[in-house]
>>> print(open('data00.cif').read())   # mmCIF, C-alpha atoms and all ligand atoms
data_upload
loop_
_atom_site.group_PDB
_atom_site.id
_atom_site.type_symbol
_atom_site.label_atom_id
_atom_site.label_comp_id
_atom_site.auth_asym_id
_atom_site.auth_seq_id
_atom_site.Cartn_x
_atom_site.Cartn_y
_atom_site.Cartn_z
ATOM 1 C CA MET A 15 -23.176 13.111 -16.613
ATOM 2 C CA ASN A 16 -21.635 12.533 -13.193
ATOM 3 C CA LEU A 17 -21.411 9.110 -11.589
ATOM 4 C CA ILE A 18 -20.205 7.495 -8.376
ATOM 5 C CA ILE A 19 -19.001 3.906 -8.321
ATOM 6 C CA PHE A 20 -18.765 1.523 -5.351
ATOM 7 C CA GLY A 21 -17.632 -2.045 -4.908
ATOM 8 C CA PRO A 22 -15.565 -4.180 -2.555
ATOM 9 C CA GLN A 23 -11.916 -4.910 -3.325
ATOM 10 C CA GLY A 24 -11.639 -7.334 -6.222
ATOM 11 C CA SER A 25 -14.994 -6.305 -7.725
ATOM 12 C CA GLY A 26 -13.338 -4.788 -10.787
ATOM 13 C CA LYS A 27 -14.642 -1.340 -9.843
ATOM 14 C CA GLY A 28 -11.544 0.458 -11.176
ATOM 15 C CA THR A 29 -11.760 -1.307 -14.544
ATOM 16 C CA GLN A 30 -15.476 -0.563 -14.884
ATOM 17 C CA ALA A 31 -14.833 3.083 -13.937
ATOM 18 C CA ASP A 32 -12.179 3.304 -16.672
ATOM 19 C CA MET A 33 -14.547 1.768 -19.222
ATOM 20 C CA LEU A 34 -17.366 4.139 -18.212
ATOM 21 C CA ALA A 35 -14.992 7.117 -18.332
ATOM 22 C CA GLU A 36 -14.025 6.136 -21.870
ATOM 23 C CA LYS A 37 -17.596 5.557 -23.054
ATOM 24 C CA PHE A 38 -19.082 8.753 -21.613
ATOM 25 C CA ASP A 39 -15.952 10.950 -21.750
ATOM 26 C CA LEU A 40 -15.725 11.328 -17.969
ATOM 27 C CA SER A 41 -12.799 12.117 -15.724
ATOM 28 C CA HIS A 42 -12.110 9.082 -13.503
ATOM 29 C CA ILE A 43 -11.319 10.360 -10.011
ATOM 30 C CA GLU A 44 -9.933 7.647 -7.766
ATOM 31 C CA THR A 45 -9.030 9.054 -4.377
ATOM 32 C CA GLY A 46 -6.977 5.988 -3.404
ATOM 33 C CA GLN A 47 -4.700 6.493 -6.425
ATOM 34 C CA ILE A 48 -4.491 10.254 -5.781
ATOM 35 C CA PHE A 49 -3.439 9.552 -2.171
ATOM 36 C CA ARG A 50 -0.761 7.076 -3.299
ATOM 37 C CA ASP A 51 0.575 9.688 -5.761
ATOM 38 C CA MET A 52 0.498 12.401 -3.081
ATOM 39 C CA GLY A 53 2.344 10.092 -0.679
ATOM 40 C CA ARG A 54 5.242 9.888 -3.125
ATOM 41 C CA GLY A 55 5.576 13.684 -3.283
ATOM 42 C CA ASP A 56 7.057 15.809 -0.507
ATOM 43 C CA THR A 57 4.225 18.219 0.253
ATOM 44 C CA GLU A 58 3.004 18.515 3.868
ATOM 45 C CA LEU A 59 -0.335 16.994 2.929
ATOM 46 C CA GLY A 60 1.440 14.212 1.049
ATOM 47 C CA LYS A 61 3.412 13.289 4.177
ATOM 48 C CA ILE A 62 0.252 13.182 6.287
ATOM 49 C CA VAL A 63 -1.555 11.038 3.722
ATOM 50 C CA LYS A 64 1.406 8.649 3.499
ATOM 51 C CA LYS A 65 1.315 8.122 7.256
ATOM 52 C CA PHE A 66 -2.296 6.936 7.084
ATOM 53 C CA ASP A 67 -1.555 4.799 4.027
ATOM 54 C CA ASP A 68 1.477 3.192 5.697
ATOM 55 C CA GLN A 69 -0.589 2.330 8.762
ATOM 56 C CA LYS A 70 -3.361 1.027 6.464
ATOM 57 C CA GLU A 71 -5.709 3.523 8.040
ATOM 58 C CA MET A 72 -8.378 5.444 6.191
ATOM 59 C CA VAL A 73 -7.449 9.007 5.279
ATOM 60 C CA PRO A 74 -9.640 11.328 7.440
ATOM 61 C CA ASP A 75 -12.767 12.820 5.887
ATOM 62 C CA ASP A 76 -11.544 16.443 5.870
ATOM 63 C CA ILE A 77 -8.365 15.551 3.968
ATOM 64 C CA THR A 78 -10.336 13.412 1.513
ATOM 65 C CA VAL A 79 -12.778 16.253 0.852
ATOM 66 C CA THR A 80 -10.015 18.873 0.424
ATOM 67 C CA THR A 81 -8.173 16.574 -1.969
ATOM 68 C CA LEU A 82 -11.300 15.980 -3.988
ATOM 69 C CA GLN A 83 -11.983 19.702 -4.099
ATOM 70 C CA GLU A 84 -8.502 20.390 -5.527
ATOM 71 C CA CYS A 85 -9.011 17.643 -8.057
ATOM 72 C CA LEU A 86 -12.435 18.879 -9.202
ATOM 73 C CA LYS A 87 -11.049 22.419 -9.652
ATOM 74 C CA LYS A 88 -8.825 21.146 -12.449
ATOM 75 C CA ILE A 89 -11.667 19.573 -14.429
ATOM 76 C CA SER A 90 -13.737 21.720 -16.747
ATOM 77 C CA ILE A 91 -17.392 21.941 -15.734
ATOM 78 C CA GLU A 92 -18.443 20.678 -19.156
ATOM 79 C CA LYS A 93 -16.712 17.359 -18.542
ATOM 80 C CA GLY A 94 -18.489 14.834 -16.341
ATOM 81 C CA VAL A 95 -16.730 12.868 -13.613
ATOM 82 C CA ILE A 96 -16.882 9.383 -12.187
ATOM 83 C CA LEU A 97 -16.032 9.389 -8.488
ATOM 84 C CA ASP A 98 -14.367 6.142 -7.427
ATOM 85 C CA SER A 99 -14.137 5.616 -3.648
ATOM 86 C CA ALA A 100 -15.674 8.942 -2.583
ATOM 87 C CA PRO A 101 -17.785 9.496 -0.602
ATOM 88 C CA ARG A 102 -16.527 6.486 1.340
ATOM 89 C CA THR A 103 -18.012 7.313 4.748
ATOM 90 C CA ILE A 104 -21.334 8.684 5.956
ATOM 91 C CA GLY A 105 -19.453 11.815 7.073
ATOM 92 C CA GLN A 106 -18.192 12.464 3.522
ATOM 93 C CA ILE A 107 -21.632 12.369 1.871
ATOM 94 C CA ASP A 108 -22.669 15.909 2.711
ATOM 95 C CA PRO A 109 -19.362 17.687 1.932
ATOM 96 C CA VAL A 110 -18.840 15.722 -1.294
ATOM 97 C CA GLU A 111 -22.377 16.476 -2.479
ATOM 98 C CA LYS A 112 -21.859 20.149 -1.622
ATOM 99 C CA LEU A 113 -18.619 20.246 -3.639
ATOM 100 C CA MET A 114 -20.377 18.752 -6.637
ATOM 101 C CA LYS A 115 -23.311 21.135 -6.284
ATOM 102 C CA ALA A 116 -20.997 24.158 -5.975
ATOM 103 C CA ASP A 117 -19.664 23.257 -9.438
ATOM 104 C CA GLY A 118 -23.180 22.847 -10.759
ATOM 105 C CA ARG A 119 -22.748 19.075 -10.985
ATOM 106 C CA SER A 120 -25.583 16.705 -10.141
ATOM 107 C CA ILE A 121 -24.936 13.112 -9.152
ATOM 108 C CA ASP A 122 -26.908 11.273 -11.792
ATOM 109 C CA LYS A 123 -26.310 7.663 -10.814
ATOM 110 C CA ALA A 124 -24.437 5.682 -8.190
ATOM 111 C CA ILE A 125 -23.277 2.213 -9.206
ATOM 112 C CA TYR A 126 -22.721 -0.673 -6.801
ATOM 113 C CA ILE A 127 -20.835 -3.719 -8.067
ATOM 114 C CA ARG A 128 -21.689 -6.518 -5.659
ATOM 115 C CA LEU A 129 -19.304 -9.396 -5.025
ATOM 116 C CA PRO A 130 -19.536 -12.180 -2.420
ATOM 117 C CA TYR A 131 -16.966 -11.805 0.384
ATOM 118 C CA ASP A 132 -15.194 -15.079 -0.429
ATOM 119 C CA GLU A 133 -14.933 -14.137 -4.095
ATOM 120 C CA SER A 134 -13.265 -10.827 -3.135
ATOM 121 C CA VAL A 135 -10.716 -12.733 -1.066
ATOM 122 C CA ALA A 136 -10.125 -15.283 -3.829
ATOM 123 C CA ARG A 137 -9.590 -12.599 -6.463
ATOM 124 C CA ILE A 138 -7.291 -10.412 -4.345
ATOM 125 C CA THR A 139 -5.070 -13.308 -3.298
ATOM 126 C CA LYS A 140 -4.439 -14.032 -7.001
ATOM 127 C CA ARG A 141 -3.179 -10.493 -7.688
ATOM 128 C CA TYR A 142 0.546 -9.987 -8.174
ATOM 129 C CA LEU A 143 2.677 -7.099 -9.349
ATOM 130 C CA CYS A 144 5.921 -7.112 -11.338
ATOM 131 C CA THR A 145 8.652 -5.342 -9.360
ATOM 132 C CA VAL A 146 10.314 -4.205 -12.609
ATOM 133 C CA CYS A 147 7.673 -3.225 -15.197
ATOM 134 C CA LEU A 148 4.938 -2.782 -12.535
ATOM 135 C CA ASN A 149 2.383 -4.649 -14.653
ATOM 136 C CA HIS A 150 -0.468 -6.372 -12.826
ATOM 137 C CA ILE A 151 -0.270 -10.121 -13.031
ATOM 138 C CA VAL A 152 -3.007 -12.585 -12.130
ATOM 139 C CA LEU A 153 -2.119 -16.015 -10.756
ATOM 140 C CA GLY A 154 -3.806 -18.690 -12.852
ATOM 141 C CA LYS A 155 -4.129 -16.337 -15.828
ATOM 142 C CA HIS A 156 -0.730 -14.770 -16.583
ATOM 143 C CA ILE A 157 1.334 -17.063 -14.394
ATOM 144 C CA GLN A 158 0.736 -20.558 -13.052
ATOM 145 C CA SER A 159 2.803 -20.380 -9.869
ATOM 146 C CA GLN A 160 3.708 -17.654 -7.389
ATOM 147 C CA HIS A 161 7.342 -18.562 -8.044
ATOM 148 C CA ASP A 162 7.068 -17.665 -11.745
ATOM 149 C CA ILE A 163 8.701 -14.548 -13.185
ATOM 150 C CA CYS A 164 6.935 -11.687 -14.978
ATOM 151 C CA PRO A 165 5.712 -12.977 -18.379
ATOM 152 C CA ILE A 166 6.247 -9.524 -19.904
ATOM 153 C CA CYS A 167 9.760 -8.544 -18.782
ATOM 154 C CA GLY A 168 11.083 -11.490 -16.772
ATOM 155 C CA GLY A 169 11.238 -9.432 -13.572
ATOM 156 C CA LEU A 170 10.534 -10.724 -10.080
ATOM 157 C CA ILE A 171 6.909 -10.635 -9.028
ATOM 158 C CA THR A 172 5.468 -9.743 -5.644
ATOM 159 C CA GLN A 173 2.110 -9.367 -3.936
ATOM 160 C CA ARG A 174 0.897 -5.879 -3.138
ATOM 161 C CA GLY A 175 1.936 -4.990 0.409
ATOM 162 C CA ASP A 176 -1.585 -5.027 1.824
ATOM 163 C CA ASP A 177 -2.808 -8.064 -0.120
ATOM 164 C CA THR A 178 -2.026 -10.322 2.855
ATOM 165 C CA PRO A 179 -4.949 -12.241 4.465
ATOM 166 C CA ASP A 180 -5.007 -9.723 7.362
ATOM 167 C CA GLY A 181 -4.816 -6.720 5.045
ATOM 168 C CA ILE A 182 -7.587 -8.065 2.836
ATOM 169 C CA ALA A 183 -9.838 -8.811 5.840
ATOM 170 C CA LYS A 184 -9.267 -5.313 7.223
ATOM 171 C CA ARG A 185 -10.096 -3.575 3.940
ATOM 172 C CA LEU A 186 -13.216 -5.675 3.366
ATOM 173 C CA LYS A 187 -14.388 -5.025 6.927
ATOM 174 C CA THR A 188 -14.024 -1.277 6.306
ATOM 175 C CA PHE A 189 -15.942 -1.560 3.060
ATOM 176 C CA TYR A 190 -18.898 -3.417 4.577
ATOM 177 C CA GLU A 191 -19.032 -1.436 7.813
ATOM 178 C CA VAL A 192 -18.193 2.059 6.594
ATOM 179 C CA THR A 193 -19.014 2.302 2.885
ATOM 180 C CA VAL A 194 -22.093 0.078 2.542
ATOM 181 C CA PRO A 195 -24.153 2.583 4.620
ATOM 182 C CA VAL A 196 -23.144 5.260 2.061
ATOM 183 C CA ILE A 197 -24.462 3.008 -0.717
ATOM 184 C CA SER A 198 -27.777 2.721 1.187
ATOM 185 C CA HIS A 199 -28.004 6.513 1.103
ATOM 186 C CA TYR A 200 -27.995 6.455 -2.715
ATOM 187 C CA ARG A 201 -30.441 3.543 -2.780
ATOM 188 C CA ASP A 202 -32.814 5.627 -0.639
ATOM 189 C CA LYS A 203 -32.398 8.534 -3.062
ATOM 190 C CA GLY A 204 -33.513 6.235 -5.880
ATOM 191 C CA ILE A 205 -30.401 6.667 -8.047
ATOM 192 C CA LEU A 206 -28.568 3.418 -7.268
ATOM 193 C CA ILE A 207 -27.734 0.880 -9.960
ATOM 194 C CA GLU A 208 -26.807 -2.524 -8.537
ATOM 195 C CA VAL A 209 -25.020 -5.156 -10.584
ATOM 196 C CA ASP A 210 -23.693 -8.636 -9.910
ATOM 197 C CA GLY A 211 -19.895 -8.408 -10.186
ATOM 198 C CA ASN A 212 -19.396 -12.169 -10.168
ATOM 199 C CA ARG A 213 -19.394 -12.362 -13.971
ATOM 200 C CA PRO A 214 -16.969 -11.523 -16.787
ATOM 201 C CA MET A 215 -16.205 -7.785 -16.890
ATOM 202 C CA GLU A 216 -17.903 -7.325 -20.286
ATOM 203 C CA ALA A 217 -21.188 -8.694 -18.885
ATOM 204 C CA VAL A 218 -20.926 -6.430 -15.836
ATOM 205 C CA PHE A 219 -20.257 -3.429 -18.085
ATOM 206 C CA GLU A 220 -23.240 -4.179 -20.358
ATOM 207 C CA ASP A 221 -25.462 -4.486 -17.310
ATOM 208 C CA ILE A 222 -24.343 -1.076 -16.008
ATOM 209 C CA ILE A 223 -24.839 0.595 -19.408
ATOM 210 C CA ARG A 224 -28.296 -0.931 -19.746
ATOM 211 C CA GLN A 225 -29.312 0.521 -16.378
ATOM 212 C CA ILE A 226 -27.819 3.977 -16.959
HETATM 213 ZN ZN ZN B 1 7.576 -7.171 -15.639
#
>>> encode(input="data00.cif", output="structure tokens")
Amino acid sequence: MNLIIFGPQGSGKGTQADMLAEKFDLSHIETGQIFRDMGRGDTELGKIVKKFDDQKEMVPDDITVTTLQECLKKISIEKGVILDSAPRTIGQIDPVEKLMKADGRSIDKAIYIRLPYDESVARITKRYLCTVCLNHIVLGKHIQSQHDICPICGGLITQRGDDTPDGIAKRLKTFYEVTVPVISHYRDKGILIEVDGNRPMEAVFEDIIRQI
């Protein structure tokens, strides 16, 4: 089985993708994470990707597709994949579908985790990161104040660089303007599963499983 998963920032898309990967033995391919890893290396492509990441710009379609191609090459055909954040633009739909087809993979279902705009903002602004152990920390859950220290290692905590109000607004705008039309494509194909992400993650997961 091969899946694609979509959702705005804060929708818990990454967590659901991990849970689905575990349940159905899929490889979770998250292009955003791959780009961040590439940006830390010193390959030519890594340097280019880092420049887009640093400027908070979207990595161009051709680089995204090439990266995905390299990634898919390493996964045995027998193992299914869950694509997280690709295709992200209308222009990526055709090349990504061709890549999958070339490997003999069909896209069985696309999943869209919906979340109201304000809820995305509320959730992202509560996300912190420990500068020492790099654990994710949620304000109101793991810590009660932004001045608290990491509950795991006592390190200083910080917000992710682009989790500022401007950064959040920019990423959400991109999602609704650029990626939502891609989701419509899968709705038109009749393979879209839509779930309400404004619930506990277990309930969201059960809903997805029920519809798969
Ligand atoms: Zn820590």
>>> residues_near_point(input="data00.cif", point="(6.2, -8.8, -8.3)", cutoff="12 Å", atoms="only C-alpha atoms", output="ChimeraX atom specification")
/A:140-153,157,160-175
>>> residues_around(input="data00.cif", residues="region 212-224 of chain A", least_positions_apart="4", cutoff="10 Å", atoms="all atoms listed in the file", output="ChimeraX atom specification")
/A:24-27,29-31,33-34,37,125-130,133-134,207-208
>>> resolve_selection(input="data00.cif", expression="the PyMOL selection byres (((chain A and resi 93) around 10) and not hetatm)", output="compact mmCIF listing (two decimals) with C-alpha atoms, in the frame of the given file")
# COMPACT_ATOMS: atom_id res chain seq x y z
CA MET A 15 -23.18 13.11 -16.61
CA ASN A 16 -21.64 12.53 -13.19
CA PHE A 38 -19.08 8.75 -21.61
CA ASP A 39 -15.95 10.95 -21.75
CA LEU A 40 -15.72 11.33 -17.97
CA SER A 41 -12.80 12.12 -15.72
CA ILE A 89 -11.67 19.57 -14.43
CA SER A 90 -13.74 21.72 -16.75
CA ILE A 91 -17.39 21.94 -15.73
CA GLU A 92 -18.44 20.68 -19.16
CA GLY A 94 -18.49 14.83 -16.34
CA VAL A 95 -16.73 12.87 -13.61
CA ARG A 119 -22.75 19.08 -10.98
>>> resolve_selection(input="data00.cif", expression="the PyMOL selection byres (((chain A and resi 104-109) around 8) and not hetatm)", output="ChimeraX atom specification")
/A:75,79,100-103,110-113,192-193,195-196
>>> residues_around(input="data00.cif", residues="Ala183 (chain A)", least_positions_apart="4", cutoff="12 Å", atoms="all atoms listed in the file", output="list in words")
Pro22, Gln23, Lys70, Tyr131, Asp132, Ser134, Val135, Ala136, Ile138, Thr139, Asp176, Asp177, Thr178, Pro179, Lys187, Thr188, Phe189, Tyr190 and Glu191 of chain A
>>> write_last_selection(input="data00.cif", atoms="C-alpha atoms", output="CSV table (one decimal), in the coordinates of the input")
chain,number,residue,atom,x,y,z
A,22,PRO,CA,-15.6,-4.2,-2.6
A,23,GLN,CA,-11.9,-4.9,-3.3
A,70,LYS,CA,-3.4,1.0,6.5
A,131,TYR,CA,-17.0,-11.8,0.4
A,132,ASP,CA,-15.2,-15.1,-0.4
A,134,SER,CA,-13.3,-10.8,-3.1
A,135,VAL,CA,-10.7,-12.7,-1.1
A,136,ALA,CA,-10.1,-15.3,-3.8
A,138,ILE,CA,-7.3,-10.4,-4.3
A,139,THR,CA,-5.1,-13.3,-3.3
A,176,ASP,CA,-1.6,-5.0,1.8
A,177,ASP,CA,-2.8,-8.1,-0.1
A,178,THR,CA,-2.0,-10.3,2.9
A,179,PRO,CA,-4.9,-12.2,4.5
A,187,LYS,CA,-14.4,-5.0,6.9
A,188,THR,CA,-14.0,-1.3,6.3
A,189,PHE,CA,-15.9,-1.6,3.1
A,190,TYR,CA,-18.9,-3.4,4.6
A,191,GLU,CA,-19.0,-1.4,7.8
>>> axis_aligned_box(input="data00.cif", around="region 177-193 of chain A", padding_each_side="4 Å", output="JSON")
{"center_x": -10.5, "center_y": -5.0, "center_z": 3.8, "size_x": 25.0, "size_y": 22.5, "size_z": 15.9}
>>> atom_distance(input="data00.cif", atom1="CA of Gly204 (chain A)", atom2="CA of Ile18 (chain A)")
13.6 Å
>>> atom_distance(input="data00.cif", atom1="CA of Ala124 (chain A)", atom2="CA of Gln47 (chain A)")
19.8 Å
>>> atom_distance(input="data00.cif", atom1="CA of Thr81 (chain A)", atom2="CA of Arg185 (chain A)")
21.1 Å
>>> closest_residue(input="data00.cif", among="A:Arg137, A:Tyr200, A:His156, A:Gly211", to="ligand ZN 1 (chain B)", atoms="all atoms listed in the file")
A:His156
>>> closest_residue(input="data00.cif", among="A:Phe66, A:Ile96, A:Thr45, A:Arg54", to="Thr78 (chain A)", atoms="all atoms listed in the file")
A:Thr45
>>> resolve_selection(input="data00.cif", expression="the PyMOL selection byres (((chain A and resi 43) around 6) and not hetatm)", output="PyMOL selection string")
chain A and resi 42+44+97-98
>>> build_atoms(input="data00.cif", residues="region 56-90 of chain A", atoms="N, CA and C atoms", output="CSV table (one decimal), in the coordinates of the input")
chain,number,residue,atom,x,y,z
A,56,ASP,N,6.6,15.4,-1.8
A,56,ASP,CA,7.1,15.8,-0.5
A,56,ASP,C,6.3,17.0,0.0
A,57,THR,N,5.0,17.2,-0.3
A,57,THR,CA,4.2,18.2,0.3
A,57,THR,C,3.8,17.8,1.7
A,58,GLU,N,3.4,18.8,2.5
A,58,GLU,CA,3.0,18.5,3.9
A,58,GLU,C,1.8,17.5,3.9
A,59,LEU,N,0.9,17.8,3.0
A,59,LEU,CA,-0.3,17.0,2.9
A,59,LEU,C,0.0,15.6,2.5
A,60,GLY,N,1.0,15.5,1.5
A,60,GLY,CA,1.4,14.2,1.0
A,60,GLY,C,2.0,13.4,2.2
A,61,LYS,N,2.8,14.0,3.0
A,61,LYS,CA,3.4,13.3,4.2
A,61,LYS,C,2.3,12.8,5.1
A,62,ILE,N,1.3,13.6,5.4
A,62,ILE,CA,0.3,13.2,6.3
A,62,ILE,C,-0.5,12.0,5.7
A,63,VAL,N,-0.8,12.1,4.4
A,63,VAL,CA,-1.6,11.0,3.7
A,63,VAL,C,-0.8,9.7,3.7
A,64,LYS,N,0.6,9.8,3.5
A,64,LYS,CA,1.4,8.6,3.5
A,64,LYS,C,1.4,7.9,4.8
A,65,LYS,N,1.3,8.7,5.9
A,65,LYS,CA,1.3,8.1,7.3
A,65,LYS,C,0.1,7.2,7.4
A,66,PHE,N,-1.1,7.7,7.0
A,66,PHE,CA,-2.3,6.9,7.1
A,66,PHE,C,-2.2,5.7,6.2
A,67,ASP,N,-1.7,5.9,5.0
A,67,ASP,CA,-1.6,4.8,4.0
A,67,ASP,C,-0.6,3.7,4.6
A,68,ASP,N,0.5,4.1,5.2
A,68,ASP,CA,1.5,3.2,5.7
A,68,ASP,C,0.9,2.4,6.8
A,69,GLN,N,0.0,3.0,7.6
A,69,GLN,CA,-0.6,2.3,8.8
A,69,GLN,C,-1.9,1.6,8.3
A,70,LYS,N,-2.1,1.6,7.0
A,70,LYS,CA,-3.4,1.0,6.5
A,70,LYS,C,-4.6,1.6,7.1
A,71,GLU,N,-4.5,2.9,7.5
A,71,GLU,CA,-5.7,3.5,8.0
A,71,GLU,C,-6.4,4.4,7.0
A,72,MET,N,-7.6,4.6,7.1
A,72,MET,CA,-8.4,5.4,6.2
A,72,MET,C,-8.0,6.9,6.4
A,73,VAL,N,-7.8,7.6,5.2
A,73,VAL,CA,-7.4,9.0,5.3
A,73,VAL,C,-8.7,9.7,5.8
A,74,PRO,N,-8.5,10.7,6.8
A,74,PRO,CA,-9.6,11.3,7.4
A,74,PRO,C,-10.5,12.1,6.4
A,75,ASP,N,-11.8,12.2,6.8
A,75,ASP,CA,-12.8,12.8,5.9
A,75,ASP,C,-12.4,14.2,5.4
A,76,ASP,N,-11.8,15.1,6.3
A,76,ASP,CA,-11.5,16.4,5.9
A,76,ASP,C,-10.4,16.5,4.8
A,77,ILE,N,-9.5,15.6,5.0
A,77,ILE,CA,-8.4,15.6,4.0
A,77,ILE,C,-8.9,15.0,2.6
A,78,THR,N,-9.7,14.0,2.7
A,78,THR,CA,-10.3,13.4,1.5
A,78,THR,C,-11.1,14.5,0.8
A,79,VAL,N,-11.9,15.2,1.5
A,79,VAL,CA,-12.8,16.3,0.9
A,79,VAL,C,-11.9,17.4,0.2
A,80,THR,N,-10.9,17.8,1.0
A,80,THR,CA,-10.0,18.9,0.4
A,80,THR,C,-9.3,18.4,-0.8
A,81,THR,N,-8.9,17.1,-0.8
A,81,THR,CA,-8.2,16.6,-2.0
A,81,THR,C,-9.1,16.5,-3.2
A,82,LEU,N,-10.3,16.1,-2.9
A,82,LEU,CA,-11.3,16.0,-4.0
A,82,LEU,C,-11.6,17.4,-4.6
A,83,GLN,N,-11.7,18.3,-3.7
A,83,GLN,CA,-12.0,19.7,-4.1
A,83,GLN,C,-10.9,20.2,-5.1
A,84,GLU,N,-9.6,20.0,-4.7
A,84,GLU,CA,-8.5,20.4,-5.5
A,84,GLU,C,-8.6,19.7,-6.9
A,85,CYS,N,-8.9,18.4,-6.9
A,85,CYS,CA,-9.0,17.6,-8.1
A,85,CYS,C,-10.1,18.1,-9.0
A,86,LEU,N,-11.3,18.4,-8.4
A,86,LEU,CA,-12.4,18.9,-9.2
A,86,LEU,C,-12.2,20.2,-9.8
A,87,LYS,N,-11.4,21.1,-9.1
A,87,LYS,CA,-11.0,22.4,-9.7
A,87,LYS,C,-10.4,22.3,-11.0
A,88,LYS,N,-9.6,21.3,-11.2
A,88,LYS,CA,-8.8,21.1,-12.4
A,88,LYS,C,-9.6,20.6,-13.6
A,89,ILE,N,-10.9,20.2,-13.4
A,89,ILE,CA,-11.7,19.6,-14.4
A,89,ILE,C,-12.7,20.6,-14.9
A,90,SER,N,-12.8,20.7,-16.2
A,90,SER,CA,-13.7,21.7,-16.7
A,90,SER,C,-15.2,21.3,-16.4
